[in-house]
>>> print(open('protein.txt').read())   # compact mmCIF, C-alpha atoms
# COMPACT_ATOMS: atom_id res chain seq x y z
CA MET A 22 0.00 0.00 0.00
CA PRO A 23 1.62 3.26 -1.06
CA LYS A 24 2.16 5.71 1.76
CA VAL A 25 2.41 9.45 1.27
CA LYS A 26 4.09 11.73 3.77
CA VAL A 27 2.73 15.26 3.60
CA TYR A 28 4.51 18.16 5.27
CA VAL A 29 2.64 21.39 5.88
CA THR A 30 4.71 24.34 7.03
CA LEU A 31 4.03 28.00 7.70
CA LYS A 32 5.27 30.20 4.88
CA PRO A 33 8.51 32.06 5.55
CA GLY A 34 7.80 35.41 7.14
CA ILE A 35 4.63 34.27 8.87
CA LEU A 36 4.92 34.64 12.61
CA ASP A 37 5.12 31.24 14.32
CA PRO A 38 4.55 31.83 18.04
CA GLN A 39 4.77 28.09 18.80
CA GLY A 40 8.11 27.83 17.05
CA THR A 41 9.43 30.93 18.82
CA THR A 42 8.39 29.57 22.21
CA VAL A 43 9.99 26.18 21.55
CA ALA A 44 13.18 27.88 20.32
CA LYS A 45 13.36 29.84 23.59
CA ALA A 46 12.79 26.67 25.61
CA LEU A 47 15.55 24.84 23.73
CA LYS A 48 17.93 27.72 24.33
CA SER A 49 17.10 27.75 28.01
CA LEU A 50 17.93 24.03 28.08
CA GLY A 51 21.39 24.93 26.85
CA PHE A 52 20.99 24.28 23.11
CA ARG A 53 22.45 27.63 22.25
CA ASP A 54 23.05 26.78 18.61
CA VAL A 55 19.33 26.76 17.85
CA GLU A 56 18.78 29.84 15.75
CA ASP A 57 15.07 29.44 15.01
CA VAL A 58 12.30 26.85 15.17
CA ARG A 59 9.34 26.53 12.82
CA ILE A 60 6.52 24.15 13.66
CA GLY A 61 4.37 22.54 11.01
CA LYS A 62 2.18 19.50 10.45
CA PHE A 63 3.09 16.01 9.34
CA ILE A 64 0.31 13.97 7.73
CA GLU A 65 0.53 10.33 6.61
CA LEU A 66 -1.80 9.15 3.87
CA TYR A 67 -2.29 5.45 3.15
CA MET A 68 -3.57 5.04 -0.37
CA SER A 69 -5.42 1.98 -1.65
CA ASP A 70 -5.31 0.53 -5.14
CA VAL A 71 -4.38 3.59 -7.07
CA GLU A 72 -2.23 3.91 -10.16
CA GLU A 73 1.13 5.10 -8.93
CA ASP A 74 1.40 7.87 -11.46
CA GLU A 75 -1.94 9.27 -10.32
CA ILE A 76 -0.81 9.74 -6.74
CA PRO A 77 1.12 13.02 -7.11
CA GLN A 78 -1.77 14.74 -8.83
CA GLN A 79 -4.28 13.49 -6.27
CA VAL A 80 -2.14 14.47 -3.30
CA GLU A 81 -1.46 17.85 -4.86
CA GLU A 82 -5.20 18.42 -5.05
CA MET A 83 -5.74 17.23 -1.45
CA CYS A 84 -3.10 19.67 -0.26
CA ARG A 85 -4.52 22.57 -2.19
CA LYS A 86 -8.12 21.87 -1.20
CA LEU A 87 -7.87 20.83 2.41
CA LEU A 88 -4.55 19.84 3.96
CA ALA A 89 -2.88 23.22 3.65
CA ASN A 90 -4.16 26.78 3.72
CA PRO A 91 -2.35 28.50 0.84
CA VAL A 92 -2.71 31.92 2.50
CA ILE A 93 -0.30 31.02 5.29
CA GLU A 94 1.11 27.56 4.56
CA ASN A 95 3.36 25.74 2.10
CA TYR A 96 3.28 21.99 1.53
CA SER A 97 5.44 19.23 0.15
CA PHE A 98 5.11 15.44 0.03
CA GLU A 99 7.03 12.21 -0.46
CA ILE A 100 5.59 8.98 -1.83
CA GLU A 101 6.79 5.70 -0.33
CA LYS A 102 6.07 2.45 -2.14
CA MET B 13 -36.45 39.51 8.78
CA LYS B 14 -35.73 35.83 9.26
CA PHE B 15 -32.39 34.61 10.56
CA GLY B 16 -30.96 31.15 10.08
CA VAL B 17 -28.31 29.86 12.50
CA VAL B 18 -26.21 27.04 11.07
CA VAL B 19 -25.48 24.17 13.46
CA PHE B 20 -22.25 22.33 12.68
CA PRO B 21 -21.07 19.37 14.73
CA GLY B 22 -19.12 21.23 17.42
CA SER B 23 -20.90 24.58 17.20
CA ASN B 24 -21.43 25.89 20.72
CA CYS B 25 -22.68 29.43 20.22
CA ASP B 26 -25.64 28.44 18.09
CA GLN B 27 -28.08 28.80 20.97
CA ASP B 28 -26.60 32.17 21.94
CA CYS B 29 -27.13 33.39 18.38
CA TYR B 30 -30.66 32.02 18.32
CA HIS B 31 -31.36 33.78 21.63
CA ALA B 32 -29.81 37.04 20.36
CA CYS B 33 -32.18 37.04 17.36
CA ARG B 34 -35.10 36.48 19.69
CA VAL B 35 -33.94 39.32 21.95
CA MET B 36 -34.09 41.57 18.89
CA GLY B 37 -37.58 40.34 18.17
CA ALA B 38 -36.53 38.65 14.94
CA ASP B 39 -37.73 35.35 13.58
CA VAL B 40 -35.05 32.63 13.67
CA ASP B 41 -34.53 28.96 12.89
CA TYR B 42 -31.65 26.55 13.14
CA ILE B 43 -30.14 25.15 9.92
CA TRP B 44 -28.59 21.69 10.10
CA HIS B 45 -25.15 21.41 8.47
CA GLY B 46 -26.52 18.85 6.00
CA ASP B 47 -29.30 21.15 4.79
CA VAL B 48 -28.95 22.96 1.48
CA ASP B 49 -32.19 24.94 1.25
CA LEU B 50 -31.69 28.51 2.47
CA SER B 51 -34.57 30.05 0.55
CA ASN B 52 -36.51 31.01 3.70
CA PHE B 53 -33.83 33.18 5.22
CA ASP B 54 -32.82 36.83 5.04
CA CYS B 55 -29.58 36.39 6.94
CA ILE B 56 -27.44 33.35 7.68
CA ILE B 57 -25.34 33.23 10.86
CA LEU B 58 -22.34 30.93 11.17
CA PRO B 59 -21.93 30.71 14.94
CA GLY B 60 -18.87 30.29 17.11
CA GLY B 61 -17.61 27.00 18.46
CA PHE B 62 -15.37 24.23 17.25
CA SER B 63 -16.88 22.95 14.03
CA TYR B 64 -15.73 19.41 13.30
CA GLY B 65 -13.45 19.70 16.33
CA ASP B 66 -11.37 22.29 14.48
CA TYR B 67 -9.29 19.32 13.31
CA LEU B 68 -6.53 20.18 10.85
CA ARG B 69 -7.25 23.93 11.07
CA THR B 70 -10.10 26.02 12.41
CA GLY B 71 -12.99 25.90 9.95
CA ALA B 72 -11.07 23.78 7.41
CA ILE B 73 -13.50 20.86 7.42
CA ALA B 74 -16.74 22.79 8.04
CA ARG B 75 -16.05 24.66 4.85
CA PHE B 76 -16.83 21.48 2.87
CA SER B 77 -20.10 20.61 4.61
CA PRO B 78 -23.21 20.59 2.37
CA VAL B 79 -24.67 23.69 4.00
CA MET B 80 -21.54 25.69 3.17
CA LYS B 81 -21.95 25.00 -0.55
CA ALA B 82 -25.41 26.54 -0.20
CA VAL B 83 -24.08 29.42 1.92
CA GLU B 84 -21.48 30.15 -0.76
CA ARG B 85 -24.14 30.34 -3.46
CA TYR B 86 -26.36 32.43 -1.17
CA ALA B 87 -23.51 34.82 -0.33
CA ARG B 88 -22.37 35.20 -3.93
CA ARG B 89 -25.92 36.17 -4.88
CA GLY B 90 -25.73 38.95 -2.31
CA GLY B 91 -27.35 37.24 0.70
CA LEU B 92 -26.38 38.47 4.15
CA VAL B 93 -23.93 36.16 5.93
CA LEU B 94 -22.55 36.80 9.41
CA GLY B 95 -19.64 34.69 10.67
CA ILE B 96 -18.83 35.00 14.35
CA CYS B 97 -15.54 33.59 15.68
CA ASN B 98 -15.45 30.03 14.34
CA GLY B 99 -17.96 31.23 11.77
CA PHE B 100 -15.44 33.90 10.69
CA GLN B 101 -12.74 31.24 10.46
CA ILE B 102 -15.02 29.14 8.23
CA LEU B 103 -15.66 32.14 5.94
CA LEU B 104 -11.89 32.60 5.58
CA GLU B 105 -11.34 28.92 4.80
CA ALA B 106 -14.17 29.03 2.26
CA GLY B 107 -12.55 32.00 0.56
CA LEU B 108 -15.68 34.13 1.08
CA LEU B 109 -13.49 36.57 3.00
CA PRO B 110 -9.74 37.05 2.44
CA GLY B 111 -7.02 36.07 4.89
CA ALA B 112 -6.34 33.38 7.46
CA MET B 113 -6.22 32.93 11.21
CA LEU B 114 -3.03 32.20 13.08
CA ARG B 115 -2.68 31.09 16.68
CA ASN B 116 -2.96 33.97 19.17
CA LYS B 117 0.42 35.62 19.61
CA SER B 118 0.40 34.74 23.32
CA LEU B 119 -0.40 31.08 22.48
CA LYS B 120 -3.17 31.34 25.08
CA PHE B 121 -6.88 30.87 24.73
CA ILE B 122 -8.28 34.32 25.49
CA CYS B 123 -11.73 34.80 27.01
CA LYS B 124 -12.48 38.36 28.07
CA TYR B 125 -14.22 41.59 27.18
CA VAL B 126 -12.40 43.79 24.68
CA ASN B 127 -13.17 47.10 23.01
CA VAL B 128 -13.56 47.43 19.27
CA ARG B 129 -13.90 50.60 17.24
CA VAL B 130 -16.30 50.91 14.34
CA GLU B 131 -14.29 51.81 11.23
CA ASN B 132 -17.07 51.85 8.67
CA ASP B 133 -20.70 52.62 9.50
CA ARG B 134 -22.01 52.26 5.98
CA THR B 135 -22.34 48.50 5.91
CA PRO B 136 -25.56 46.57 6.58
CA TRP B 137 -23.90 45.39 9.80
CA THR B 138 -22.98 48.74 11.28
CA ARG B 139 -25.77 51.05 10.22
CA ALA B 140 -26.91 51.36 13.85
CA THR B 141 -23.43 52.72 14.76
CA LYS B 142 -21.19 55.64 13.84
CA ILE B 143 -17.53 55.60 12.84
CA GLY B 144 -15.46 55.81 16.00
CA ASP B 145 -18.10 54.19 18.24
CA VAL B 146 -16.45 51.87 20.75
CA LEU B 147 -18.26 48.61 21.41
CA LYS B 148 -17.53 46.42 24.41
CA LEU B 149 -17.74 42.81 23.24
CA PRO B 150 -16.39 39.51 24.57
CA ILE B 151 -13.84 37.41 22.72
CA ALA B 152 -13.17 33.71 23.33
CA HIS B 153 -10.67 32.15 20.97
CA HIS B 154 -7.29 30.52 20.48
CA ASP B 155 -6.85 31.33 16.80
CA GLY B 156 -7.86 34.94 16.32
CA ASN B 157 -4.63 36.39 15.03
CA TYR B 158 -5.85 37.66 11.68
CA PHE B 159 -3.34 37.61 8.86
CA VAL B 160 -3.43 38.69 5.25
CA ASP B 161 -0.72 39.78 2.82
CA GLN B 162 0.10 43.46 2.34
CA LYS B 163 -1.55 43.72 -1.06
CA ILE B 164 -4.90 42.50 0.21
CA LEU B 165 -4.56 44.52 3.41
CA LEU B 166 -4.37 47.65 1.26
CA GLU B 167 -7.40 46.51 -0.71
CA LEU B 168 -9.30 45.99 2.54
CA GLN B 169 -8.31 49.46 3.73
CA ASP B 170 -9.13 51.19 0.46
CA GLY B 171 -12.43 49.36 0.11
CA GLY B 172 -13.59 50.24 3.63
CA GLN B 173 -13.74 46.52 4.34
CA ILE B 174 -12.15 46.73 7.77
CA ILE B 175 -15.20 47.15 9.95
CA LEU B 176 -13.90 46.65 13.50
CA ARG B 177 -10.48 47.20 15.09
CA TYR B 178 -9.39 46.33 18.61
CA CYS B 179 -8.93 49.54 20.59
CA ASP B 180 -8.76 50.90 24.14
CA GLN B 181 -11.72 52.40 25.98
CA GLU B 182 -11.13 55.76 24.36
CA GLY B 183 -11.11 54.24 20.90
CA ARG B 184 -7.36 54.42 20.37
CA VAL B 185 -6.06 51.58 18.23
CA THR B 186 -2.92 50.58 20.11
CA GLU B 187 -0.73 47.54 20.33
CA GLU B 188 -1.69 47.08 23.99
CA ALA B 189 -5.36 46.93 23.00
CA ASN B 190 -4.67 44.12 20.53
CA PRO B 191 -5.52 40.88 22.36
CA ASN B 192 -4.23 38.33 19.85
CA GLY B 193 -1.66 39.96 17.57
CA ALA B 194 -4.10 40.46 14.70
CA LEU B 195 -2.63 42.39 11.79
CA ASP B 196 -3.52 46.09 12.01
CA ASN B 197 -5.71 45.32 15.09
CA ILE B 198 -8.33 43.83 12.76
CA ALA B 199 -11.30 42.34 14.61
CA GLY B 200 -13.81 42.18 11.77
CA ILE B 201 -13.93 42.56 8.00
CA CYS B 202 -16.49 42.38 5.23
CA ASN B 203 -16.28 41.51 1.54
CA LYS B 204 -16.28 44.11 -1.23
CA ASP B 205 -20.06 44.11 -1.55
CA GLY B 206 -20.55 44.37 2.20
CA ASN B 207 -22.98 41.46 2.49
CA ILE B 208 -20.54 39.03 4.15
CA PHE B 209 -19.19 39.99 7.58
CA GLY B 210 -16.79 38.05 9.78
CA LEU B 211 -15.68 39.06 13.26
CA MET B 212 -13.87 37.43 16.15
CA PRO B 213 -15.79 39.10 19.04
CA HIS B 214 -19.17 37.67 20.03
CA PRO B 215 -21.93 40.29 19.71
CA GLU B 216 -24.49 37.59 20.54
CA ARG B 217 -23.00 37.28 24.02
CA ALA B 218 -23.42 40.98 24.71
CA MET B 219 -27.13 41.49 24.22
CA GLU B 220 -28.33 42.16 27.74
CA SER B 221 -26.88 44.34 30.50
CA PHE B 222 -26.66 41.48 33.02
CA LEU B 223 -24.10 39.87 30.68
CA GLY B 224 -21.80 42.86 31.17
CA SER B 225 -22.59 44.66 27.93
CA GLU B 226 -25.42 45.10 25.50
CA ASP B 227 -23.30 46.60 22.75
CA GLY B 228 -23.79 43.48 20.65
CA ARG B 229 -27.29 44.74 19.93
CA MET B 230 -25.77 47.39 17.68
CA ILE B 231 -24.75 44.72 15.18
CA PHE B 232 -28.13 43.00 15.24
CA GLU B 233 -30.01 46.31 15.19
CA GLY B 234 -28.17 47.32 12.04
CA LEU B 235 -29.23 44.04 10.52
CA THR B 236 -32.86 44.14 11.40
CA LYS B 237 -33.01 47.48 9.57
CA CYS B 238 -31.70 45.68 6.54
CA ARG B 239 -34.84 44.41 4.93
CA LYS B 240 -34.14 46.42 1.80
CA PHE B 241 -30.77 44.85 1.30
CA THR B 242 -32.28 41.42 0.91
CA GLU B 243 -35.35 42.30 -1.12
CA ASN B 244 -33.60 41.87 -4.42
CA LEU B 245 -32.64 38.29 -3.73
CA ASP B 246 -34.51 35.58 -5.54
>>> encode(input="protein.txt", output="structure tokens")
Amino acid sequence: MPKVKVYVTLKPGILDPQGTTVAKALKSLGFRDVEDVRIGKFIELYMSDVEEDEIPQQVEEMCRKLLANPVIENYSFEIEK
Amino acid sequence: MKFGVVVFPGSNCDQDCYHACRVMGADVDYIWHGDVDLSNFDCIILPGGFSYGDYLRTGAIARFSPVMKAVERYARRGGLVLGICNGFQILLEAGLLPGAMLRNKSLKFICKYVNVRVENDRTPWTRATKIGDVLKLPIAHHDGNYFVDQKILLELQDGGQIILRYCDQEGRVTEEANPNGALDNIAGICNKDGNIFGLMPHPERAMESFLGSEDGRMIFEGLTKCRKFTENLD
């Protein structure tokens, strides 16, 4: 069963208060090399009998329609066989 | 004037909205999220709450419910649509209003009274107010940090589409008066035609003095004077 890993991230320049807070916490734990943290979403899709070459187009559409909000988020995905 | 209050799985301000309409003496009915017939209504309210658990993003799933297809058609024909809090988030996800909601800057759920200043009194929603009026309304949200890109922000400004801004008691729009980090202190916007209005504060929870404020009536009063606006709808 093909598995698709979808990553949804805030666009560069969009304030990420969660990321900022986690970055501060990491620094306070002594990880001083952490410059910045951005938090996003990781979504796993398990596809059933679908033609492999149809997957990218379908996932693209899922991302555009529902999984990401194009106003504030970018997305990318990897297909695992 | 007949109001319809949409009930999504997870809506929790639907009864408040229903009550608010009754307080104003208006006729009102609930609309189930699977319904698609909106022909009886003069104004549709998308209430606050956590539609579909707010899974994925606030309003992201509600936007695809059957009733929202009908609301989109209704709105594009010029029908009055009011989105309060989660309802506002749904309007953004549906693309009926521009922009998106980010987590509150403080990362905290905020539930308190705030002040908002009326920026445009020539919309169906604010005709009972005057520019500069300060309304005391409650907010209750985790994702109310309104964001939109600079180009559209300018369009909103030029088009008079920014209807409410967070302000202090004297009506000054300051950073301190901004509860959630919203861009330009924006608390409520409308579309170009003025028939679709989304706001984060809850006017329906400020209808009677024992609740701490009755300034919410101003929004509903404007609406009930709106008969004319809806007459042209088929």
>>> residues_around(input="protein.txt", residues="range 223-235 of chain B", least_positions_apart="6", cutoff="9 Å", atoms="all atoms listed in the file", output="NGL selection string")
:B and (13 or 32-33 or 35-36 or 55 or 92 or 125 or 135-141 or 146-150 or 214-217)
>>> closest_atom_pairs(input="protein.txt", of="chain B", to="chain A", cutoff="7 Å", atoms="all atoms listed in the file", output="JSON lines")
{"residue": "B:Ala72", "atom": "CA", "partner": "A:Leu87", "partner_atom": "CA", "distance": 6.6}
{"residue": "B:Gly111", "atom": "CA", "partner": "A:Val92", "partner_atom": "CA", "distance": 6.4}
{"residue": "B:Ala112", "atom": "CA", "partner": "A:Val92", "partner_atom": "CA", "distance": 6.3}
{"residue": "B:Lys117", "atom": "CA", "partner": "A:Pro38", "partner_atom": "CA", "distance": 5.8}
{"residue": "B:Leu119", "atom": "CA", "partner": "A:Pro38", "partner_atom": "CA", "distance": 6.7}
>>> residues_around(input="protein.txt", residues="Ile201 in chain B", least_positions_apart="2", cutoff="6 Å", atoms="only C-alpha atoms", output="list of chain:residue names")
B:Gln173, B:Ile174, B:Ile175, B:Phe209, B:Gly210
>>> residues_around(input="protein.txt", residues="Ile76 in chain A", least_positions_apart="5", cutoff="12 Å", atoms="all atoms listed in the file", output="JSON list (two decimals) with C-alpha atoms, in the coordinates of the input")
[["chain", "number", "residue", "atom", "x", "y", "z"],
["A", 22, "MET", "CA", 0.00, 0.00, 0.00],
["A", 23, "PRO", "CA", 1.62, 3.26, -1.06],
["A", 24, "LYS", "CA", 2.16, 5.71, 1.76],
["A", 25, "VAL", "CA", 2.41, 9.45, 1.27],
["A", 26, "LYS", "CA", 4.09, 11.73, 3.77],
["A", 66, "LEU", "CA", -1.80, 9.15, 3.87],
["A", 67, "TYR", "CA", -2.29, 5.45, 3.15],
["A", 68, "MET", "CA", -3.57, 5.04, -0.37],
["A", 69, "SER", "CA", -5.42, 1.98, -1.65],
["A", 70, "ASP", "CA", -5.31, 0.53, -5.14],
["A", 71, "VAL", "CA", -4.38, 3.59, -7.07],
["A", 81, "GLU", "CA", -1.46, 17.85, -4.86],
["A", 82, "GLU", "CA", -5.20, 18.42, -5.05],
["A", 83, "MET", "CA", -5.74, 17.23, -1.45],
["A", 98, "PHE", "CA", 5.11, 15.44, 0.03],
["A", 99, "GLU", "CA", 7.03, 12.21, -0.46],
["A", 100, "ILE", "CA", 5.59, 8.98, -1.83],
["A", 101, "GLU", "CA", 6.79, 5.70, -0.33],
["A", 102, "LYS", "CA", 6.07, 2.45, -2.14]]
>>> atom_distance(input="protein.txt", atom1="CA of Pro21 in chain B", atom2="CA of Arg75 in chain B")
12.3 Å
>>> atom_distance(input="protein.txt", atom1="CA of Pro77 in chain A", atom2="CA of Gly71 in chain B")
25.6 Å
>>> axis_aligned_box(input="protein.txt", around="range 210-229 of chain B", padding_each_side="8 Å", output="JSON")
{"center_x": -21.1, "center_y": 41.9, "center_z": 21.4, "size_x": 30.5, "size_y": 25.3, "size_z": 39.2}
>>> closest_residue(input="protein.txt", among="A:Cys84, A:Arg59, A:Asp74, A:Asp54", to="Gly40 in chain A", atoms="all atoms listed in the file")
A:Arg59
>>> atom_distance(input="protein.txt", atom1="CA of Asn127 in chain B", atom2="CA of Arg69 in chain B")
26.7 Å
>>> residues_around(input="protein.txt", residues="Phe20 in chain B", least_positions_apart="3", cutoff="9 Å", atoms="only C-alpha atoms", output="count of residues only")
15
>>> residues_around(input="protein.txt", residues="Asp180 in chain B", least_positions_apart="4", cutoff="10 Å", atoms="all atoms listed in the file", output="number ranges by chain")
B: 126-129, 146, 148, 184-190
>>> closest_residue(input="protein.txt", among="B:Gly16, B:Gly22, B:Gly171, B:Gly95", to="Asn132 in chain B", atoms="only C-alpha atoms")
B:Gly171
>>> decode(input="protein.txt", residues="range 25-47 of chain A", atoms="N, CA and C atoms", output="PDB file, in the first residue's frame")
ATOM      1  N   VAL A  25       1.956   8.106   1.639  1.00  0.00           N
ATOM      2  CA  VAL A  25       2.414   9.448   1.268  1.00  0.00           C
ATOM      3  C   VAL A  25       2.635  10.250   2.545  1.00  0.00           C
ATOM      4  N   LYS A  26       3.796  10.865   2.618  1.00  0.00           N
ATOM      5  CA  LYS A  26       4.093  11.732   3.770  1.00  0.00           C
ATOM      6  C   LYS A  26       3.932  13.176   3.321  1.00  0.00           C
ATOM      7  N   VAL A  27       3.002  13.865   3.969  1.00  0.00           N
ATOM      8  CA  VAL A  27       2.733  15.259   3.604  1.00  0.00           C
ATOM      9  C   VAL A  27       3.260  16.177   4.708  1.00  0.00           C
ATOM     10  N   TYR A  28       3.992  17.183   4.312  1.00  0.00           N
ATOM     11  CA  TYR A  28       4.512  18.159   5.269  1.00  0.00           C
ATOM     12  C   TYR A  28       3.863  19.513   4.993  1.00  0.00           C
ATOM     13  N   VAL A  29       3.249  20.074   6.018  1.00  0.00           N
ATOM     14  CA  VAL A  29       2.640  21.392   5.879  1.00  0.00           C
ATOM     15  C   VAL A  29       3.391  22.348   6.802  1.00  0.00           C
ATOM     16  N   THR A  30       3.920  23.405   6.223  1.00  0.00           N
ATOM     17  CA  THR A  30       4.707  24.344   7.028  1.00  0.00           C
ATOM     18  C   THR A  30       4.194  25.767   6.829  1.00  0.00           C
ATOM     19  N   LEU A  31       4.390  26.588   7.838  1.00  0.00           N
ATOM     20  CA  LEU A  31       4.035  28.003   7.701  1.00  0.00           C
ATOM     21  C   LEU A  31       4.967  28.638   6.687  1.00  0.00           C
ATOM     22  N   LYS A  32       4.438  29.516   5.870  1.00  0.00           N
ATOM     23  CA  LYS A  32       5.266  30.201   4.884  1.00  0.00           C
ATOM     24  C   LYS A  32       6.338  31.026   5.592  1.00  0.00           C
ATOM     25  N   PRO A  33       7.490  31.202   4.936  1.00  0.00           N
ATOM     26  CA  PRO A  33       8.508  32.063   5.545  1.00  0.00           C
ATOM     27  C   PRO A  33       7.921  33.449   5.772  1.00  0.00           C
ATOM     28  N   GLY A  34       8.297  34.059   6.879  1.00  0.00           N
ATOM     29  CA  GLY A  34       7.804  35.413   7.137  1.00  0.00           C
ATOM     30  C   GLY A  34       6.538  35.446   7.963  1.00  0.00           C
ATOM     31  N   ILE A  35       5.836  34.305   8.041  1.00  0.00           N
ATOM     32  CA  ILE A  35       4.625  34.270   8.873  1.00  0.00           C
ATOM     33  C   ILE A  35       5.060  33.972  10.306  1.00  0.00           C
ATOM     34  N   LEU A  36       4.579  34.798  11.207  1.00  0.00           N
ATOM     35  CA  LEU A  36       4.916  34.641  12.615  1.00  0.00           C
ATOM     36  C   LEU A  36       4.506  33.256  13.116  1.00  0.00           C
ATOM     37  N   ASP A  37       5.424  32.569  13.781  1.00  0.00           N
ATOM     38  CA  ASP A  37       5.124  31.244  14.320  1.00  0.00           C
ATOM     39  C   ASP A  37       5.365  31.271  15.823  1.00  0.00           C
ATOM     40  N   PRO A  38       4.343  31.698  16.596  1.00  0.00           N
ATOM     41  CA  PRO A  38       4.554  31.830  18.037  1.00  0.00           C
ATOM     42  C   PRO A  38       4.944  30.522  18.712  1.00  0.00           C
ATOM     43  N   GLN A  39       4.406  29.394  18.208  1.00  0.00           N
ATOM     44  CA  GLN A  39       4.770  28.093  18.798  1.00  0.00           C
ATOM     45  C   GLN A  39       6.251  27.825  18.597  1.00  0.00           C
ATOM     46  N   GLY A  40       6.706  28.050  17.361  1.00  0.00           N
ATOM     47  CA  GLY A  40       8.110  27.826  17.048  1.00  0.00           C
ATOM     48  C   GLY A  40       9.015  28.705  17.900  1.00  0.00           C
ATOM     49  N   THR A  41       8.634  29.988  18.032  1.00  0.00           N
ATOM     50  CA  THR A  41       9.434  30.933  18.819  1.00  0.00           C
ATOM     51  C   THR A  41       9.538  30.477  20.271  1.00  0.00           C
ATOM     52  N   THR A  42       8.400  30.011  20.810  1.00  0.00           N
ATOM     53  CA  THR A  42       8.391  29.569  22.205  1.00  0.00           C
ATOM     54  C   THR A  42       9.268  28.336  22.394  1.00  0.00           C
ATOM     55  N   VAL A  43       9.179  27.404  21.451  1.00  0.00           N
ATOM     56  CA  VAL A  43       9.992  26.182  21.547  1.00  0.00           C
ATOM     57  C   VAL A  43      11.474  26.529  21.389  1.00  0.00           C
ATOM     58  N   ALA A  44      11.784  27.466  20.504  1.00  0.00           N
ATOM     59  CA  ALA A  44      13.178  27.877  20.324  1.00  0.00           C
ATOM     60  C   ALA A  44      13.733  28.438  21.634  1.00  0.00           C
ATOM     61  N   LYS A  45      12.930  29.261  22.302  1.00  0.00           N
ATOM     62  CA  LYS A  45      13.364  29.840  23.586  1.00  0.00           C
ATOM     63  C   LYS A  45      13.599  28.740  24.612  1.00  0.00           C
ATOM     64  N   ALA A  46      12.662  27.763  24.634  1.00  0.00           N
ATOM     65  CA  ALA A  46      12.787  26.673  25.610  1.00  0.00           C
ATOM     66  C   ALA A  46      14.051  25.861  25.347  1.00  0.00           C
ATOM     67  N   LEU A  47      14.340  25.615  24.067  1.00  0.00           N
ATOM     68  CA  LEU A  47      15.547  24.843  23.730  1.00  0.00           C
ATOM     69  C   LEU A  47      16.798  25.611  24.168  1.00  0.00           C
TER      70      LEU A  47
END
